[in-house]
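Okay, input.cif is below, mmCIF, C-alpha atoms and all ligand atoms; chains and numbers go by the auth columns:
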data_final
#
loop_
_atom_site.group_PDB
_atom_site.id
_atom_site.type_symbol
_atom_site.label_atom_id
_atom_site.label_comp_id
_atom_site.label_asym_id
_atom_site.label_seq_id
_atom_site.Cartn_x
_atom_site.Cartn_y
_atom_site.Cartn_z
_atom_site.B_iso_or_equiv
_atom_site.auth_seq_id
_atom_site.auth_asym_id
ATOM 1 C CA MET A 1 -67.020 -103.875 -44.124 0.00 1 A
ATOM 2 C CA SER A 2 -69.089 -102.458 -41.253 0.00 2 A
ATOM 3 C CA PHE A 3 -68.804 -102.986 -37.499 0.00 3 A
ATOM 4 C CA TRP A 4 -72.143 -104.798 -37.696 0.00 4 A
ATOM 5 C CA TRP A 5 -70.361 -107.675 -39.448 0.00 5 A
ATOM 6 C CA PHE A 6 -67.955 -107.907 -36.510 0.00 6 A
ATOM 7 C CA TRP A 7 -70.744 -108.197 -33.906 0.00 7 A
ATOM 8 C CA THR A 8 -72.580 -110.907 -35.809 0.00 8 A
ATOM 9 C CA GLN A 9 -69.558 -113.235 -35.896 0.00 9 A
ATOM 10 C CA ALA A 10 -69.765 -116.270 -33.583 0.00 10 A
ATOM 11 C CA PRO A 11 -67.044 -116.264 -30.917 0.00 11 A
ATOM 12 C CA VAL A 12 -64.094 -118.578 -31.400 0.00 12 A
ATOM 13 C CA VAL A 13 -62.392 -120.444 -28.566 0.00 13 A
ATOM 14 C CA GLU A 14 -58.627 -120.435 -28.396 0.00 14 A
ATOM 15 C CA GLU A 15 -55.698 -120.571 -26.003 0.00 15 A
ATOM 16 C CA ALA A 16 -55.332 -117.370 -23.949 0.00 16 A
ATOM 17 C CA LEU A 17 -52.369 -115.136 -24.738 0.00 17 A
ATOM 18 C CA ASP A 18 -50.417 -113.344 -22.008 0.00 18 A
ATOM 19 C CA GLU A 19 -51.965 -110.046 -23.115 0.00 19 A
ATOM 20 C CA ASP A 20 -55.459 -111.496 -22.459 0.00 20 A
ATOM 21 C CA LEU A 21 -54.750 -111.971 -18.743 0.00 21 A
ATOM 22 C CA PRO A 22 -55.782 -108.455 -17.554 0.00 22 A
ATOM 23 C CA LYS A 23 -59.168 -108.830 -19.294 0.00 23 A
ATOM 24 C CA ILE A 24 -59.570 -112.327 -17.838 0.00 24 A
ATOM 25 C CA ALA A 25 -58.842 -110.855 -14.376 0.00 25 A
ATOM 26 C CA GLU A 26 -61.524 -108.224 -15.049 0.00 26 A
ATOM 27 C CA ILE A 27 -64.111 -110.880 -16.002 0.00 27 A
ATOM 28 C CA HIS A 28 -63.109 -112.896 -12.924 0.00 28 A
ATOM 29 C CA ALA A 29 -63.554 -109.840 -10.656 0.00 29 A
ATOM 30 C CA ALA A 30 -66.997 -109.200 -12.167 0.00 30 A
ATOM 31 C CA SER A 31 -68.004 -112.828 -11.582 0.00 31 A
ATOM 32 C CA PHE A 32 -66.644 -113.851 -8.169 0.00 32 A
ATOM 33 C CA SER A 33 -66.210 -112.187 -4.779 0.00 33 A
ATOM 34 C CA HIS A 34 -62.559 -113.288 -4.546 0.00 34 A
ATOM 35 C CA LYS A 35 -60.279 -111.619 -7.079 0.00 35 A
ATOM 36 C CA TRP A 36 -57.484 -113.147 -9.125 0.00 36 A
ATOM 37 C CA GLY A 37 -55.131 -110.564 -10.580 0.00 37 A
ATOM 38 C CA ALA A 38 -53.284 -110.858 -13.878 0.00 38 A
ATOM 39 C CA ALA A 39 -50.065 -111.831 -12.042 0.00 39 A
ATOM 40 C CA GLU A 40 -51.811 -114.712 -10.262 0.00 40 A
ATOM 41 C CA LEU A 41 -53.340 -115.845 -13.559 0.00 41 A
ATOM 42 C CA ALA A 42 -49.903 -115.700 -15.199 0.00 42 A
ATOM 43 C CA ARG A 43 -48.476 -117.949 -12.454 0.00 43 A
ATOM 44 C CA MET A 44 -51.358 -120.361 -12.961 0.00 44 A
ATOM 45 C CA LYS A 45 -50.932 -120.337 -16.750 0.00 45 A
ATOM 46 C CA ALA A 46 -47.279 -121.291 -16.337 0.00 46 A
ATOM 47 C CA GLN A 47 -48.114 -124.360 -14.226 0.00 47 A
ATOM 48 C CA LYS A 48 -47.759 -127.787 -15.774 0.00 48 A
ATOM 49 C CA GLY A 49 -51.075 -129.197 -16.989 0.00 49 A
ATOM 50 C CA VAL A 50 -52.949 -125.870 -16.840 0.00 50 A
ATOM 51 C CA ASN A 51 -54.747 -124.508 -19.901 0.00 51 A
ATOM 52 C CA ILE A 52 -56.586 -121.227 -20.141 0.00 52 A
ATOM 53 C CA LEU A 53 -59.095 -121.083 -22.975 0.00 53 A
ATOM 54 C CA ILE A 54 -60.878 -117.904 -23.972 0.00 54 A
ATOM 55 C CA ALA A 55 -63.801 -117.082 -26.222 0.00 55 A
ATOM 56 C CA ARG A 56 -63.454 -114.015 -28.417 0.00 56 A
ATOM 57 C CA ARG A 57 -64.985 -112.696 -31.594 0.00 57 A
ATOM 58 C CA SER A 58 -62.780 -113.023 -34.612 0.00 58 A
ATOM 59 C CA SER A 59 -62.123 -109.597 -35.971 0.00 59 A
ATOM 60 C CA PRO A 60 -60.677 -108.158 -39.156 0.00 60 A
ATOM 61 C CA TYR A 61 -59.615 -105.129 -37.058 0.00 61 A
ATOM 62 C CA GLY A 62 -57.263 -106.974 -34.713 0.00 62 A
ATOM 63 C CA THR A 63 -57.552 -109.457 -31.877 0.00 63 A
ATOM 64 C CA GLY A 64 -60.972 -109.373 -30.217 0.00 64 A
ATOM 65 C CA THR A 65 -61.187 -108.930 -26.478 0.00 65 A
ATOM 66 C CA PRO A 66 -61.981 -112.032 -24.354 0.00 66 A
ATOM 67 C CA LEU A 67 -65.693 -112.522 -23.608 0.00 67 A
ATOM 68 C CA GLY A 68 -65.205 -115.420 -21.221 0.00 68 A
ATOM 69 C CA PHE A 69 -62.618 -117.949 -20.110 0.00 69 A
ATOM 70 C CA LEU A 70 -62.202 -121.505 -18.886 0.00 70 A
ATOM 71 C CA ILE A 71 -59.258 -122.743 -16.813 0.00 71 A
ATOM 72 C CA LEU A 72 -58.542 -126.479 -16.848 0.00 72 A
ATOM 73 C CA ARG A 73 -55.888 -128.446 -15.006 0.00 73 A
ATOM 74 C CA ARG A 74 -54.866 -131.865 -16.166 0.00 74 A
ATOM 75 C CA ALA A 75 -52.997 -134.482 -14.119 0.00 75 A
ATOM 76 C CA ALA A 76 -52.359 -137.922 -15.669 0.00 76 A
ATOM 77 C CA ASP A 77 -55.617 -139.041 -17.335 0.00 77 A
ATOM 78 C CA GLU A 78 -57.924 -136.869 -15.213 0.00 78 A
ATOM 79 C CA ALA A 79 -58.670 -133.166 -15.349 0.00 79 A
ATOM 80 C CA GLU A 80 -60.530 -130.542 -13.344 0.00 80 A
ATOM 81 C CA VAL A 81 -62.251 -127.290 -14.114 0.00 81 A
ATOM 82 C CA ILE A 82 -60.470 -124.687 -12.019 0.00 82 A
ATOM 83 C CA THR A 83 -62.946 -122.029 -13.017 0.00 83 A
ATOM 84 C CA ILE A 84 -65.111 -120.682 -15.804 0.00 84 A
ATOM 85 C CA ALA A 85 -66.713 -117.280 -16.223 0.00 85 A
ATOM 86 C CA VAL A 86 -68.354 -115.251 -18.936 0.00 86 A
ATOM 87 C CA HIS A 87 -68.500 -111.454 -18.844 0.00 87 A
ATOM 88 C CA PRO A 88 -71.844 -110.484 -17.240 0.00 88 A
ATOM 89 C CA ARG A 89 -72.964 -108.614 -20.390 0.00 89 A
ATOM 90 C CA GLN A 90 -72.243 -111.673 -22.577 0.00 90 A
ATOM 91 C CA ARG A 91 -74.034 -114.357 -20.546 0.00 91 A
ATOM 92 C CA GLY A 92 -76.927 -116.417 -21.887 0.00 92 A
ATOM 93 C CA ARG A 93 -75.556 -116.426 -25.453 0.00 93 A
ATOM 94 C CA GLY A 94 -73.996 -119.884 -25.477 0.00 94 A
ATOM 95 C CA ILE A 95 -70.429 -118.738 -24.697 0.00 95 A
ATOM 96 C CA GLY A 96 -70.068 -120.773 -21.486 0.00 96 A
ATOM 97 C CA LYS A 97 -71.276 -123.872 -23.321 0.00 97 A
ATOM 98 C CA LYS A 98 -68.918 -123.227 -26.224 0.00 98 A
ATOM 99 C CA LEU A 99 -65.951 -122.896 -23.843 0.00 99 A
ATOM 100 C CA MET A 100 -66.846 -126.115 -22.018 0.00 100 A
ATOM 101 C CA GLU A 101 -67.385 -128.019 -25.273 0.00 101 A
ATOM 102 C CA ALA A 102 -64.001 -126.842 -26.563 0.00 102 A
ATOM 103 C CA GLY A 103 -62.369 -127.931 -23.289 0.00 103 A
ATOM 104 C CA LEU A 104 -64.060 -131.346 -23.411 0.00 104 A
ATOM 105 C CA PHE A 105 -63.079 -131.822 -27.050 0.00 105 A
ATOM 106 C CA ARG A 106 -59.496 -131.010 -26.260 0.00 106 A
ATOM 107 C CA LEU A 107 -59.349 -133.332 -23.224 0.00 107 A
ATOM 108 C CA TYR A 108 -60.973 -136.115 -25.239 0.00 108 A
ATOM 109 C CA GLY A 109 -58.298 -135.691 -27.910 0.00 109 A
ATOM 110 C CA GLU A 110 -55.643 -135.951 -25.191 0.00 110 A
ATOM 111 C CA ARG A 111 -57.216 -139.264 -24.080 0.00 111 A
ATOM 112 C CA CYS A 112 -58.326 -137.888 -20.742 0.00 112 A
ATOM 113 C CA THR A 113 -60.839 -140.184 -18.991 0.00 113 A
ATOM 114 C CA HIS A 114 -62.719 -137.896 -16.574 0.00 114 A
ATOM 115 C CA LEU A 115 -63.295 -134.202 -16.006 0.00 115 A
ATOM 116 C CA PHE A 116 -64.231 -133.102 -12.477 0.00 116 A
ATOM 117 C CA LEU A 117 -65.505 -129.806 -11.109 0.00 117 A
ATOM 118 C CA GLU A 118 -66.887 -128.278 -7.943 0.00 118 A
ATOM 119 C CA VAL A 119 -69.855 -125.955 -8.058 0.00 119 A
ATOM 120 C CA ASP A 120 -71.828 -124.066 -5.467 0.00 120 A
ATOM 121 C CA ALA A 121 -75.115 -125.946 -4.998 0.00 121 A
ATOM 122 C CA THR A 122 -76.981 -122.615 -5.311 0.00 122 A
ATOM 123 C CA ASN A 123 -75.341 -121.619 -8.634 0.00 123 A
ATOM 124 C CA GLU A 124 -78.299 -122.350 -10.923 0.00 124 A
ATOM 125 C CA ALA A 125 -76.760 -120.970 -14.130 0.00 125 A
ATOM 126 C CA ALA A 126 -73.607 -123.076 -13.735 0.00 126 A
ATOM 127 C CA LEU A 127 -75.622 -126.185 -12.808 0.00 127 A
ATOM 128 C CA LEU A 128 -77.780 -125.777 -15.935 0.00 128 A
ATOM 129 C CA LEU A 129 -74.634 -125.514 -18.027 0.00 129 A
ATOM 130 C CA TYR A 130 -72.908 -128.548 -16.472 0.00 130 A
ATOM 131 C CA ARG A 131 -75.973 -130.817 -16.323 0.00 131 A
ATOM 132 C CA GLY A 132 -76.810 -129.928 -19.927 0.00 132 A
ATOM 133 C CA LEU A 133 -73.364 -131.123 -20.970 0.00 133 A
ATOM 134 C CA GLY A 134 -73.797 -134.427 -19.125 0.00 134 A
ATOM 135 C CA PHE A 135 -71.963 -133.820 -15.843 0.00 135 A
ATOM 136 C CA LYS A 136 -73.308 -135.953 -12.983 0.00 136 A
ATOM 137 C CA GLU A 137 -73.133 -135.266 -9.271 0.00 137 A
ATOM 138 C CA VAL A 138 -70.668 -137.630 -7.594 0.00 138 A
ATOM 139 C CA GLY A 139 -70.310 -136.015 -4.162 0.00 139 A
ATOM 140 C CA ARG A 140 -71.096 -133.094 -1.852 0.00 140 A
ATOM 141 C CA ARG A 141 -68.857 -130.981 0.363 0.00 141 A
ATOM 142 C CA LYS A 142 -70.678 -129.097 3.088 0.00 142 A
ATOM 143 C CA GLY A 143 -69.293 -125.720 4.157 0.00 143 A
ATOM 144 C CA TYR A 144 -66.952 -125.585 1.147 0.00 144 A
ATOM 145 C CA TYR A 145 -67.963 -122.063 0.143 0.00 145 A
ATOM 146 C CA SER A 146 -67.980 -119.389 2.820 0.00 146 A
ATOM 147 C CA ASP A 147 -69.260 -116.332 0.972 0.00 147 A
ATOM 148 C CA ASN A 148 -72.409 -117.347 -0.879 0.00 148 A
ATOM 149 C CA GLY A 149 -75.071 -116.692 1.737 0.00 149 A
ATOM 150 C CA GLY A 150 -76.274 -120.332 1.588 0.00 150 A
ATOM 151 C CA ASP A 151 -74.885 -123.249 3.601 0.00 151 A
ATOM 152 C CA GLY A 152 -71.805 -123.289 1.366 0.00 152 A
ATOM 153 C CA THR A 153 -72.421 -126.759 -0.062 0.00 153 A
ATOM 154 C CA ALA A 154 -70.311 -127.652 -3.085 0.00 154 A
ATOM 155 C CA LEU A 155 -71.446 -130.309 -5.523 0.00 155 A
ATOM 156 C CA VAL A 156 -68.655 -132.415 -6.960 0.00 156 A
ATOM 157 C CA MET A 157 -69.501 -133.289 -10.564 0.00 157 A
ATOM 158 C CA ARG A 158 -67.875 -135.518 -13.130 0.00 158 A
ATOM 159 C CA ILE A 159 -68.184 -136.309 -16.813 0.00 159 A
ATOM 160 C CA ASP A 160 -66.716 -139.483 -18.277 0.00 160 A
ATOM 161 C CA LEU A 161 -64.884 -138.984 -21.534 0.00 161 A
ATOM 162 C CA ARG A 162 -64.025 -142.597 -22.277 0.00 162 A
HETATM 163 C C1 LIG B . -72.051 -120.171 -15.462 0.00 201 B
HETATM 164 C C2 LIG B . -71.718 -119.305 -16.656 0.00 201 B
HETATM 165 C C3 LIG B . -70.248 -119.538 -17.026 0.00 201 B
HETATM 166 C C4 LIG B . -72.607 -119.740 -17.848 0.00 201 B
HETATM 167 O O1 LIG B . -72.153 -119.038 -19.007 0.00 201 B
HETATM 168 P P1 LIG B . -73.184 -118.561 -20.148 0.00 201 B
HETATM 169 O O2 LIG B . -72.388 -118.162 -21.322 0.00 201 B
HETATM 170 O O3 LIG B . -74.119 -117.565 -19.599 0.00 201 B
HETATM 171 O O4 LIG B . -73.967 -119.939 -20.429 0.00 201 B
HETATM 172 P P2 LIG B . -74.620 -120.380 -21.803 0.00 201 B
HETATM 173 O O5 LIG B . -75.293 -119.209 -22.435 0.00 201 B
HETATM 174 O O6 LIG B . -73.611 -121.098 -22.618 0.00 201 B
HETATM 175 O O7 LIG B . -75.725 -121.383 -21.302 0.00 201 B
HETATM 176 C C5 LIG B . -75.485 -122.783 -21.158 0.00 201 B
HETATM 177 C C6 LIG B . -76.783 -123.467 -20.775 0.00 201 B
HETATM 178 O O8 LIG B . -77.165 -123.079 -19.449 0.00 201 B
HETATM 179 C C7 LIG B . -78.406 -122.377 -19.477 0.00 201 B
HETATM 180 N N1 LIG B . -78.260 -121.191 -18.633 0.00 201 B
HETATM 181 C C8 LIG B . -77.110 -120.531 -18.360 0.00 201 B
HETATM 182 N N2 LIG B . -77.373 -119.492 -17.562 0.00 201 B
HETATM 183 C C9 LIG B . -78.703 -119.515 -17.333 0.00 201 B
HETATM 184 C C10 LIG B . -79.577 -118.705 -16.559 0.00 201 B
HETATM 185 N N3 LIG B . -79.130 -117.656 -15.858 0.00 201 B
HETATM 186 N N4 LIG B . -80.897 -119.022 -16.534 0.00 201 B
HETATM 187 C C11 LIG B . -81.365 -120.064 -17.229 0.00 201 B
HETATM 188 N N5 LIG B . -80.578 -120.885 -17.988 0.00 201 B
HETATM 189 C C12 LIG B . -79.274 -120.605 -18.033 0.00 201 B
HETATM 190 C C13 LIG B . -78.630 -121.958 -20.905 0.00 201 B
HETATM 191 O O9 LIG B . -79.987 -121.862 -21.216 0.00 201 B
HETATM 192 C C14 LIG B . -77.956 -123.055 -21.672 0.00 201 B
HETATM 193 O O10 LIG B . -78.807 -124.169 -21.765 0.00 201 B
HETATM 194 P P3 LIG B . -78.935 -124.987 -23.159 0.00 201 B
HETATM 195 O O11 LIG B . -77.601 -125.633 -23.360 0.00 201 B
HETATM 196 O O12 LIG B . -80.026 -125.947 -22.868 0.00 201 B
HETATM 197 O O13 LIG B . -79.231 -123.970 -24.182 0.00 201 B
HETATM 198 C C15 LIG B . -72.003 -117.799 -16.371 0.00 201 B
HETATM 199 O O14 LIG B . -73.311 -117.676 -15.850 0.00 201 B
HETATM 200 C C16 LIG B . -71.021 -117.151 -15.407 0.00 201 B
HETATM 201 O O15 LIG B . -69.967 -116.656 -15.808 0.00 201 B
HETATM 202 N N6 LIG B . -71.364 -117.147 -14.102 0.00 201 B
HETATM 203 C C17 LIG B . -70.505 -116.509 -13.076 0.00 201 B
HETATM 204 C C18 LIG B . -69.288 -117.343 -12.806 0.00 201 B
HETATM 205 C C19 LIG B . -69.670 -118.733 -12.313 0.00 201 B
HETATM 206 O O16 LIG B . -70.572 -118.908 -11.511 0.00 201 B
HETATM 207 N N7 LIG B . -68.913 -119.735 -12.820 0.00 201 B
HETATM 208 C C20 LIG B . -69.111 -121.118 -12.445 0.00 201 B
HETATM 209 C C21 LIG B . -68.213 -121.475 -11.314 0.00 201 B
HETATM 210 S S1 LIG B . -68.418 -123.200 -10.869 0.00 201 B
#
What is this file in structure tokens?
Amino acid sequence: MSFWWFWTQAPVVEEALDEDLPKIAEIHAASFSHKWGAAELARMKAQKGVNILIARRSSPYGTGTPLGFLILRRAADEAEVITIAVHPRQRGRGIGKKLMEAGLFRLYGERCTHLFLEVDATNEAALLLYRGLGFKEVGRRKGYYSDNGGDGTALVMRIDLR
């Protein structure tokens, strides 16, 4: 079996393991100006209602490294996207969409009614992803982001699951 086989396999989405956290921190650092270290991610992962999903290629040679991650927090019958990021070299290949779909599927199965998120109004790639999945804008927060060079407006978006 050649390495080519490995690279042609579609990524799978699964629950992050503790050993994935350093790679998740690396993807986070490559995606956002504020950094979350592995220790901070571990604290988050231990919180009630928090799930960290990762996409990785299945591999006959061992566990594949994370290509992207999604962090969700659930409280009662509502949930929020804490953050999502895909490694810069892996973007535009459907991984972000696959992570979000897996998260939505899971929340639907848990009888969650709504999923909320906040997104920088200038983040075109994220907006394309969220709108394509059916998220609708339900509010705006001016000055929410301080480091994006724009006016910092955050769009609050929601998708109804029930
Ligand atoms: C936002 C992000 C997670 C998207 O992940 P991705 O794996 O590149 O997205 P996908 O390949 O699954 O694309 C999903 C959809 O958005 C579109 N899209 C995503 N990025 C795009 C881009 N840069 N230009 C045009 N379209 C884009 C895709 O065409 C696709 O549309 P489709 O469903 O109609 O085919 C990724 O760009 C990222 O990690 N950004 C940095 C972190 C970030 O901003 N996170 C969001 C915080 S709110």
Care to translate the PyMOL selection byres (((not hetatm)) within 8 of (chain B and resi 201)) into actual residues of this file, as a ChimeraX atom specification?
-> /A:28,31-32,68,83-88,90-99,117-120,123-130,132-133
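Here CA of Glu40 in chain A is placed at a distance of 22.3 Å from CA of Phe116 in chain A.
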Residue with smallest distance to Lys45 in chain A - pool A:Cys112, A:Ala30, A:Ile24, A:Ala10, counting only C-alpha atoms =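 Looking at the shortest contact to Lys45 in chain A, the residue is A:Ile24.
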Given the PyMOL selection byres (((chain A and resi 104) around 12) and not hetatm), the residues it picks as a CSV table (one decimal) with C-alpha atoms, in the frame of the given file:
chain,number,residue,atom,x,y,z
A,53,LEU,CA,-59.1,-121.1,-23.0
A,70,LEU,CA,-62.2,-121.5,-18.9
A,71,ILE,CA,-59.3,-122.7,-16.8
A,72,LEU,CA,-58.5,-126.5,-16.8
A,74,ARG,CA,-54.9,-131.9,-16.2
A,78,GLU,CA,-57.9,-136.9,-15.2
A,79,ALA,CA,-58.7,-133.2,-15.3
A,80,GLU,CA,-60.5,-130.5,-13.3
A,81,VAL,CA,-62.3,-127.3,-14.1
A,97,LYS,CA,-71.3,-123.9,-23.3
A,98,LYS,CA,-68.9,-123.2,-26.2
A,99,LEU,CA,-66.0,-122.9,-23.8
A,100,MET,CA,-66.8,-126.1,-22.0
A,101,GLU,CA,-67.4,-128.0,-25.3
A,102,ALA,CA,-64.0,-126.8,-26.6
A,103,GLY,CA,-62.4,-127.9,-23.3
A,105,PHE,CA,-63.1,-131.8,-27.0
A,106,ARG,CA,-59.5,-131.0,-26.3
A,107,LEU,CA,-59.3,-133.3,-23.2
A,108,TYR,CA,-61.0,-136.1,-25.2
A,109,GLY,CA,-58.3,-135.7,-27.9
A,110,GLU,CA,-55.6,-136.0,-25.2
A,111,ARG,CA,-57.2,-139.3,-24.1
A,112,CYS,CA,-58.3,-137.9,-20.7
A,113,THR,CA,-60.8,-140.2,-19.0
A,114,HIS,CA,-62.7,-137.9,-16.6
A,115,LEU,CA,-63.3,-134.2,-16.0
A,116,PHE,CA,-64.2,-133.1,-12.5
A,130,TYR,CA,-72.9,-128.5,-16.5
A,133,LEU,CA,-73.4,-131.1,-21.0
A,134,GLY,CA,-73.8,-134.4,-19.1
A,135,PHE,CA,-72.0,-133.8,-15.8
A,158,ARG,CA,-67.9,-135.5,-13.1
A,159,ILE,CA,-68.2,-136.3,-16.8
A,160,ASP,CA,-66.7,-139.5,-18.3
A,161,LEU,CA,-64.9,-139.0,-21.5
A,162,ARG,CA,-64.0,-142.6,-22.3
Nearest to Met44 in chain A by atom-to-atom distance, counting all atoms listed in the file, from A:Ile82, A:Thr65, A:Ala76, A:Val156 |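 That would be A:Ile82, the residue with the smallest distance to Met44 in chain A.
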Shell around Pro11 in chain A at 7 Å using all atoms listed in the file, local window under 3 positions removed, as a PyMOL selection string = chain A and resi 55-58
